[in-house]
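To start, the structure itself, in C-alpha cells.
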Amino acid sequence: PKDRNFIKLNTNENPYPPSPKVLEAIRAATGDALRLYPDPECTPLRTALAEFHGLTPEMVFPGNGSDEILAFCFQAFFDPDRAILFPDVTYSFYPVYANYFGLTHRQVPLGEDFEMPLAELCRGGAGGVVLANPNAPTGRALELEDIRAILEANRDCVVLVDEAYVDFGAQSAVGLIPAFDNLVVIHTLSKSRSLAGLRVGYALGQPHLMAALCCVRDSINSYTVDRLAQAGATAAIEDRAYLQEMTERVMATRARSQVRLQELGFQFLPSLSNFLFITHPEKTAQELLNGLREKGILVRWFNHPRIDNYLRVSIGTDEEMDALCTALQELLS
Ligand code: PMP
C-alpha cells in the first residue's frame, strides 16, 4: 500500500539496512561498464561464496533471488512421473512451481504442532523432496541429524533444503554436501543480509547438480545476476561481521517480542527464523490482521486450512515490535 506509511512486518524483510560495504561496492560498479553484459559465471561472487561455505566454486550457483533458483531446481531435478514430497504447510511457491512445470507432488501433513513428518519423508520412493528449514510460515526447524536421515532415505532423488531463514539460529545442512550427491541447499541474501531489493540467492551442491542448474539457466537467460547485484552480493558475503551483528540483533528482538506476546496471551511455535507464527485464543487472526492494518501495521495472514487462525509476524526493530505489541494490546482489550 502506498497511501500511508505502514510498519511493514508482512514479508520477512530485514529491518536493518544492508552493510555499508555493499552500498560502496554497488556505487563503485555504477559506471561505463554497465554497457557490458555481466559475467554469466558470477566468478567473484562464486569465489566469495565458496570461501564463506568452505566449498569449491563449482559447488555454487548464484541466481536472481532464490525464487528463481527454486524454479530452476524444479525444472532441472524432477520429472513428471514421480511425485515430489513437501509438507502441507510450507512455502507457498513449492506447489505453484510443481503445478506450473507439470510435476506431480504429494503434500505430507505436518504433525499437530507443525512438526515435520519425518517418518513420511523417510519412506523412500519419492521423485524428490523439498523442505524449507526453518519451515515457513511456522518458523520450526529440523535438526541436522533429521536432515541426514531424510537424505539417506532418499538417495535416488534430489532433496532440496531451502535455508532462506537459516542464519537466524537454525543448523545448516551445507556441511552435508560433500557426503550427499543428492543434496541441494538454497540460500538467499534477502533476509539475513538485508538485500531483498537486490534479488540474489544461490544454490549449493555437488558439481553435477550445479551443472544441471547452469543448463537450465543457459537455456533461458544466461545473465540472471546483473553487474550491480554481483558487486553488492560479493561485498555482502565478505562482510561476515555485519551479518553476525545484524542477525544477533534480530534474534535478540525475537526473544524480547516472544516474552511480550506471551504476556498478551499469544501462543506461538518455537521460531528459529526472523518471524513468529502467532495465534490468540480470544480473537481470530483475521480480526487482528484487519485491526492491525487500521493501526498502520502490516502482518501476514494465510487463508489456508490449518493455519487460518495464525498470523505471521516478521521481526522488525525493537521500536516496531513495541508498536505491534501496543496495537495488539489495544485490539485485545
Ligand atoms: N524460500 C522461502 C522459504 C522464502 O520464504 C522466500 C521469501 N519469500 C524465498 C525462498 C524467496 O526469497 P528470494 O527470492 O527473495 O531469495
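Letters for chains follow the order of the C-alpha cells (A, B, ...), residue numbers begin at 1 for each chain, and ligand numbers begin at 1 in the order shown.
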Residues of chain A at most 8 Å from ligand 1: nearest atom pair and distance in Å, only C-alpha atoms and all ligand atoms, as a tab-separated table:
```
residue	atom	partner	partner_atom_place_in_ligand_line	distance
A:Thr11	CA	ligand 1	8 (N)	6.7
A:Asn12	CA	ligand 1	8 (N)	7.3
A:Asn64	CA	ligand 1	14 (O)	7.4
A:Gly65	CA	ligand 1	16 (O)	3.8
A:Ser66	CA	ligand 1	16 (O)	3.5
A:Asp67	CA	ligand 1	14 (O)	3.9
A:Glu68	CA	ligand 1	14 (O)	6.5
A:Leu70	CA	ligand 1	10 (C)	7.6
A:Thr90	CA	ligand 1	3 (C)	7.5
A:Tyr91	CA	ligand 1	3 (C)	5.1
A:Ala132	CA	ligand 1	3 (C)	5.3
A:Asn133	CA	ligand 1	3 (C)	7.7
A:Pro134	CA	ligand 1	3 (C)	7.9
A:Asn135	CA	ligand 1	3 (C)	6.6
A:Ala136	CA	ligand 1	3 (C)	5.4
A:Pro137	CA	ligand 1	5 (O)	7.5
A:Asp162	CA	ligand 1	1 (N)	5.8
A:Glu163	CA	ligand 1	3 (C)	7.0
A:Ala164	CA	ligand 1	1 (N)	5.1
A:Tyr165	CA	ligand 1	3 (C)	7.1
A:His187	CA	ligand 1	16 (O)	7.1
A:Thr188	CA	ligand 1	16 (O)	4.3
A:Leu189	CA	ligand 1	16 (O)	6.3
A:Ser190	CA	ligand 1	15 (O)	4.8
A:Lys191	CA	ligand 1	15 (O)	7.5
A:Ala196	CA	ligand 1	15 (O)	5.3
A:Arg199	CA	ligand 1	15 (O)	6.0
A:Val200	CA	ligand 1	16 (O)	6.0
A:Gly201	CA	ligand 1	16 (O)	5.0
```
Resulting file, chosen residues, N, CA, C and O atoms, as an mmCIF file, in the first residue's frame:
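Contents of result-v8.cif, as written:
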```cif
data_model
loop_
_atom_site.group_PDB
_atom_site.id
_atom_site.type_symbol
_atom_site.label_atom_id
_atom_site.label_comp_id
_atom_site.auth_asym_id
_atom_site.auth_seq_id
_atom_site.Cartn_x
_atom_site.Cartn_y
_atom_site.Cartn_z
ATOM 1 N N THR A 11 6.517 -9.363 5.069
ATOM 2 C CA THR A 11 7.235 -10.143 4.041
ATOM 3 C C THR A 11 8.627 -10.573 4.494
ATOM 4 O O THR A 11 9.481 -10.901 3.655
ATOM 5 N N ASN A 12 8.846 -10.580 5.814
ATOM 6 C CA ASN A 12 10.104 -11.111 6.370
ATOM 7 C C ASN A 12 11.355 -10.435 5.819
ATOM 8 O O ASN A 12 12.392 -11.072 5.655
ATOM 9 N N ASN A 64 19.144 -14.955 -9.554
ATOM 10 C CA ASN A 64 18.428 -13.697 -9.349
ATOM 11 C C ASN A 64 17.325 -13.883 -8.295
ATOM 12 O O ASN A 64 16.135 -13.881 -8.589
ATOM 13 N N GLY A 65 17.758 -14.086 -7.043
ATOM 14 C CA GLY A 65 16.817 -14.389 -5.958
ATOM 15 C C GLY A 65 16.614 -15.885 -5.854
ATOM 16 O O GLY A 65 16.746 -16.617 -6.847
ATOM 17 N N SER A 66 16.311 -16.360 -4.651
ATOM 18 C CA SER A 66 16.200 -17.814 -4.505
ATOM 19 C C SER A 66 14.921 -18.357 -5.124
ATOM 20 O O SER A 66 14.837 -19.534 -5.462
ATOM 21 N N ASP A 67 13.913 -17.511 -5.332
ATOM 22 C CA ASP A 67 12.725 -17.993 -6.046
ATOM 23 C C ASP A 67 13.097 -18.468 -7.450
ATOM 24 O O ASP A 67 12.617 -19.505 -7.922
ATOM 25 N N GLU A 68 13.961 -17.714 -8.110
ATOM 26 C CA GLU A 68 14.396 -18.123 -9.448
ATOM 27 C C GLU A 68 15.149 -19.459 -9.368
ATOM 28 O O GLU A 68 14.951 -20.353 -10.199
ATOM 29 N N LEU A 70 14.858 -21.778 -7.106
ATOM 30 C CA LEU A 70 13.891 -22.858 -6.855
ATOM 31 C C LEU A 70 13.206 -23.271 -8.152
ATOM 32 O O LEU A 70 13.050 -24.462 -8.445
ATOM 33 N N THR A 90 3.886 -25.112 4.090
ATOM 34 C CA THR A 90 5.259 -24.734 3.767
ATOM 35 C C THR A 90 5.255 -23.524 2.844
ATOM 36 O O THR A 90 4.202 -22.898 2.639
ATOM 37 N N TYR A 91 6.391 -23.227 2.262
ATOM 38 C CA TYR A 91 6.493 -22.052 1.395
ATOM 39 C C TYR A 91 5.553 -22.215 0.193
ATOM 40 O O TYR A 91 5.600 -23.228 -0.516
ATOM 41 N N ALA A 132 11.641 -26.450 3.480
ATOM 42 C CA ALA A 132 12.214 -25.188 3.959
ATOM 43 C C ALA A 132 12.663 -25.452 5.395
ATOM 44 O O ALA A 132 11.897 -25.987 6.197
ATOM 45 N N ASN A 133 13.898 -25.118 5.701
ATOM 46 C CA ASN A 133 14.409 -25.322 7.058
ATOM 47 C C ASN A 133 15.206 -24.100 7.507
ATOM 48 O O ASN A 133 16.283 -23.868 6.958
ATOM 49 N N PRO A 134 14.683 -23.330 8.471
ATOM 50 C CA PRO A 134 13.395 -23.433 9.141
ATOM 51 C C PRO A 134 12.237 -23.356 8.151
ATOM 52 O O PRO A 134 12.362 -22.729 7.107
ATOM 53 N N ASN A 135 11.132 -24.003 8.561
ATOM 54 C CA ASN A 135 9.975 -24.007 7.684
ATOM 55 C C ASN A 135 9.303 -22.632 7.698
ATOM 56 O O ASN A 135 9.418 -21.880 8.658
ATOM 57 N N ALA A 136 8.662 -22.309 6.611
ATOM 58 C CA ALA A 136 7.855 -21.091 6.538
ATOM 59 C C ALA A 136 6.421 -21.538 6.226
ATOM 60 O O ALA A 136 6.246 -22.443 5.413
ATOM 61 N N PRO A 137 5.410 -20.980 6.853
ATOM 62 C CA PRO A 137 5.468 -19.844 7.776
ATOM 63 C C PRO A 137 5.546 -20.227 9.247
ATOM 64 O O PRO A 137 5.313 -19.378 10.101
ATOM 65 N N ASP A 162 15.707 -25.611 1.504
ATOM 66 C CA ASP A 162 15.619 -24.161 1.315
ATOM 67 C C ASP A 162 15.912 -23.496 2.661
ATOM 68 O O ASP A 162 15.082 -23.514 3.568
ATOM 69 N N GLU A 163 17.109 -22.935 2.770
ATOM 70 C CA GLU A 163 17.553 -22.361 4.048
ATOM 71 C C GLU A 163 17.449 -20.827 4.036
ATOM 72 O O GLU A 163 18.341 -20.126 4.511
ATOM 73 N N ALA A 164 16.345 -20.328 3.508
ATOM 74 C CA ALA A 164 16.173 -18.869 3.415
ATOM 75 C C ALA A 164 16.371 -18.182 4.780
ATOM 76 O O ALA A 164 16.866 -17.065 4.852
ATOM 77 N N TYR A 165 15.980 -18.892 5.858
ATOM 78 C CA TYR A 165 15.979 -18.251 7.187
ATOM 79 C C TYR A 165 17.024 -18.844 8.133
ATOM 80 O O TYR A 165 16.981 -18.599 9.326
ATOM 81 N N HIS A 187 20.133 -20.746 -0.513
ATOM 82 C CA HIS A 187 20.208 -19.586 0.381
ATOM 83 C C HIS A 187 19.773 -18.326 -0.356
ATOM 84 O O HIS A 187 19.813 -18.274 -1.586
ATOM 85 N N THR A 188 19.427 -17.317 0.428
ATOM 86 C CA THR A 188 19.069 -16.029 -0.155
ATOM 87 C C THR A 188 19.787 -14.899 0.579
ATOM 88 O O THR A 188 20.103 -15.034 1.762
ATOM 89 N N LEU A 189 20.019 -13.808 -0.112
ATOM 90 C CA LEU A 189 20.567 -12.612 0.544
ATOM 91 C C LEU A 189 19.444 -11.660 0.960
ATOM 92 O O LEU A 189 19.681 -10.568 1.432
ATOM 93 N N SER A 190 18.201 -12.108 0.762
ATOM 94 C CA SER A 190 17.055 -11.225 1.007
ATOM 95 C C SER A 190 16.739 -11.033 2.488
ATOM 96 O O SER A 190 16.075 -10.063 2.848
ATOM 97 N N LYS A 191 17.163 -11.978 3.322
ATOM 98 C CA LYS A 191 16.706 -11.943 4.722
ATOM 99 C C LYS A 191 17.844 -11.507 5.645
ATOM 100 O O LYS A 191 17.888 -10.363 6.065
ATOM 101 N N ALA A 196 16.752 -7.832 0.055
ATOM 102 C CA ALA A 196 15.609 -8.317 -0.730
ATOM 103 C C ALA A 196 15.471 -7.534 -2.038
ATOM 104 O O ALA A 196 15.051 -8.075 -3.059
ATOM 105 N N ARG A 199 17.866 -8.820 -5.174
ATOM 106 C CA ARG A 199 17.496 -10.094 -5.810
ATOM 107 C C ARG A 199 18.721 -10.978 -6.059
ATOM 108 O O ARG A 199 19.140 -11.175 -7.211
ATOM 109 N N VAL A 200 19.280 -11.517 -4.997
ATOM 110 C CA VAL A 200 20.356 -12.503 -5.158
ATOM 111 C C VAL A 200 20.103 -13.675 -4.211
ATOM 112 O O VAL A 200 19.800 -13.489 -3.030
ATOM 113 N N GLY A 201 20.216 -14.866 -4.766
ATOM 114 C CA GLY A 201 20.175 -16.093 -3.976
ATOM 115 C C GLY A 201 21.190 -17.037 -4.584
ATOM 116 O O GLY A 201 21.806 -16.719 -5.609
#
```
Problem - Those of segment 105-314 of chain A in DSSP strand (DSSP E), formatted as a PyMOL selection string - result: chain A and resi 105-108+128-132+159-162+183-188+201-205+267-268+275-279+297-298+300-301+311-314
Handout entry: Close residues, Arg260 of chain A itself excluded, 12 Å, only C-alpha atoms, min 2 positions apart in chain, as number ranges by chain
Key = A: 253-258, 262-268, 318, 321-326, 328-329
Keeping only N, CA and C atoms, take the residues you just selected and write them out as a compact mmCIF listing (two decimals), in the first residue's frame.
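Wrote it out as result.txt, contents follow:
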```
# COMPACT_ATOMS: atom_id res chain seq x y z
N THR A 253 15.73 -9.31 19.38
CA THR A 253 14.38 -8.73 19.31
C THR A 253 13.32 -9.83 19.27
N ARG A 254 13.65 -10.94 18.62
CA ARG A 254 12.70 -12.07 18.59
C ARG A 254 12.43 -12.56 20.02
N ALA A 255 13.50 -12.73 20.79
CA ALA A 255 13.34 -13.24 22.16
C ALA A 255 12.53 -12.25 23.00
N ARG A 256 12.83 -10.98 22.85
CA ARG A 256 12.15 -9.94 23.60
C ARG A 256 10.66 -9.88 23.20
N SER A 257 10.38 -10.03 21.90
CA SER A 257 9.00 -9.96 21.42
C SER A 257 8.21 -11.17 21.91
N GLN A 258 8.88 -12.32 21.98
CA GLN A 258 8.18 -13.52 22.43
C GLN A 258 7.67 -13.34 23.86
N GLN A 262 3.74 -13.33 24.76
CA GLN A 262 3.25 -14.34 25.71
C GLN A 262 2.45 -13.66 26.82
N GLU A 263 2.94 -12.52 27.28
CA GLU A 263 2.20 -11.77 28.32
C GLU A 263 0.82 -11.36 27.82
N LEU A 264 0.71 -11.15 26.50
CA LEU A 264 -0.59 -10.75 25.93
C LEU A 264 -1.48 -11.96 25.65
N GLY A 265 -1.01 -13.15 25.99
CA GLY A 265 -1.83 -14.35 25.82
C GLY A 265 -1.66 -15.04 24.47
N PHE A 266 -0.67 -14.63 23.69
CA PHE A 266 -0.46 -15.28 22.39
C PHE A 266 0.25 -16.62 22.57
N GLN A 267 -0.08 -17.54 21.68
CA GLN A 267 0.65 -18.80 21.60
C GLN A 267 1.42 -18.79 20.30
N PHE A 268 2.60 -19.38 20.31
CA PHE A 268 3.38 -19.43 19.08
C PHE A 268 4.33 -20.61 19.13
N ASP A 318 13.25 -3.13 17.55
CA ASP A 318 12.60 -3.14 18.87
C ASP A 318 11.43 -2.16 18.90
N MET A 321 8.44 -3.54 17.03
CA MET A 321 7.80 -4.64 17.76
C MET A 321 7.05 -4.10 18.98
N ASP A 322 7.57 -3.02 19.58
CA ASP A 322 6.83 -2.38 20.68
C ASP A 322 5.51 -1.82 20.16
N ALA A 323 5.57 -1.19 18.98
CA ALA A 323 4.35 -0.62 18.39
C ALA A 323 3.35 -1.75 18.09
N LEU A 324 3.87 -2.87 17.60
CA LEU A 324 3.00 -4.03 17.32
C LEU A 324 2.32 -4.49 18.61
N CYS A 325 3.09 -4.66 19.66
CA CYS A 325 2.54 -5.20 20.91
C CYS A 325 1.53 -4.23 21.52
N THR A 326 1.81 -2.95 21.43
CA THR A 326 0.86 -1.95 21.95
C THR A 326 -0.44 -2.03 21.14
N LEU A 328 -1.59 -4.60 19.48
CA LEU A 328 -2.28 -5.86 19.78
C LEU A 328 -2.99 -5.77 21.14
N GLN A 329 -2.32 -5.15 22.09
CA GLN A 329 -2.92 -4.99 23.43
C GLN A 329 -4.23 -4.21 23.32
```
Practice task
Write out as JSON, numbers by chain the residues lying within 7 Å of segment 178-185 of chain A, counting only C-alpha atoms and excluding same-chain residues fewer than 6 positions away.
Solution key: {"A": [155, 157, 158, 159, 160, 161, 162, 163, 203, 204, 205, 206]}
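The smallest atom-to-atom distance between Pro305 of chain A and any of A:Asn10, A:Thr43, A:Val89, A:Val259, using only C-alpha atoms, is found for A:Val89.
The residue set within 9 Å of Glu238 of chain A, counting only C-alpha atoms and dropping same-chain residues fewer than 5 places from it, reads A:Ala48, A:Leu49, A:Phe52, A:Ala233.
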Fill in the blank from the handout: Expressed in Å, the length from atom CA of Gly124 of chain A to atom CA of Glu152 of chain A is 9.1 Å
Exercise for the section: Do a neighbour search on Ala76 of chain A at 8 Å with only C-alpha atoms, toss out local chain neighbours closer than 3 positions, and write the hits as JSON, numbers by chain. Expected result: {"A": [72, 73, 212, 213, 216]}
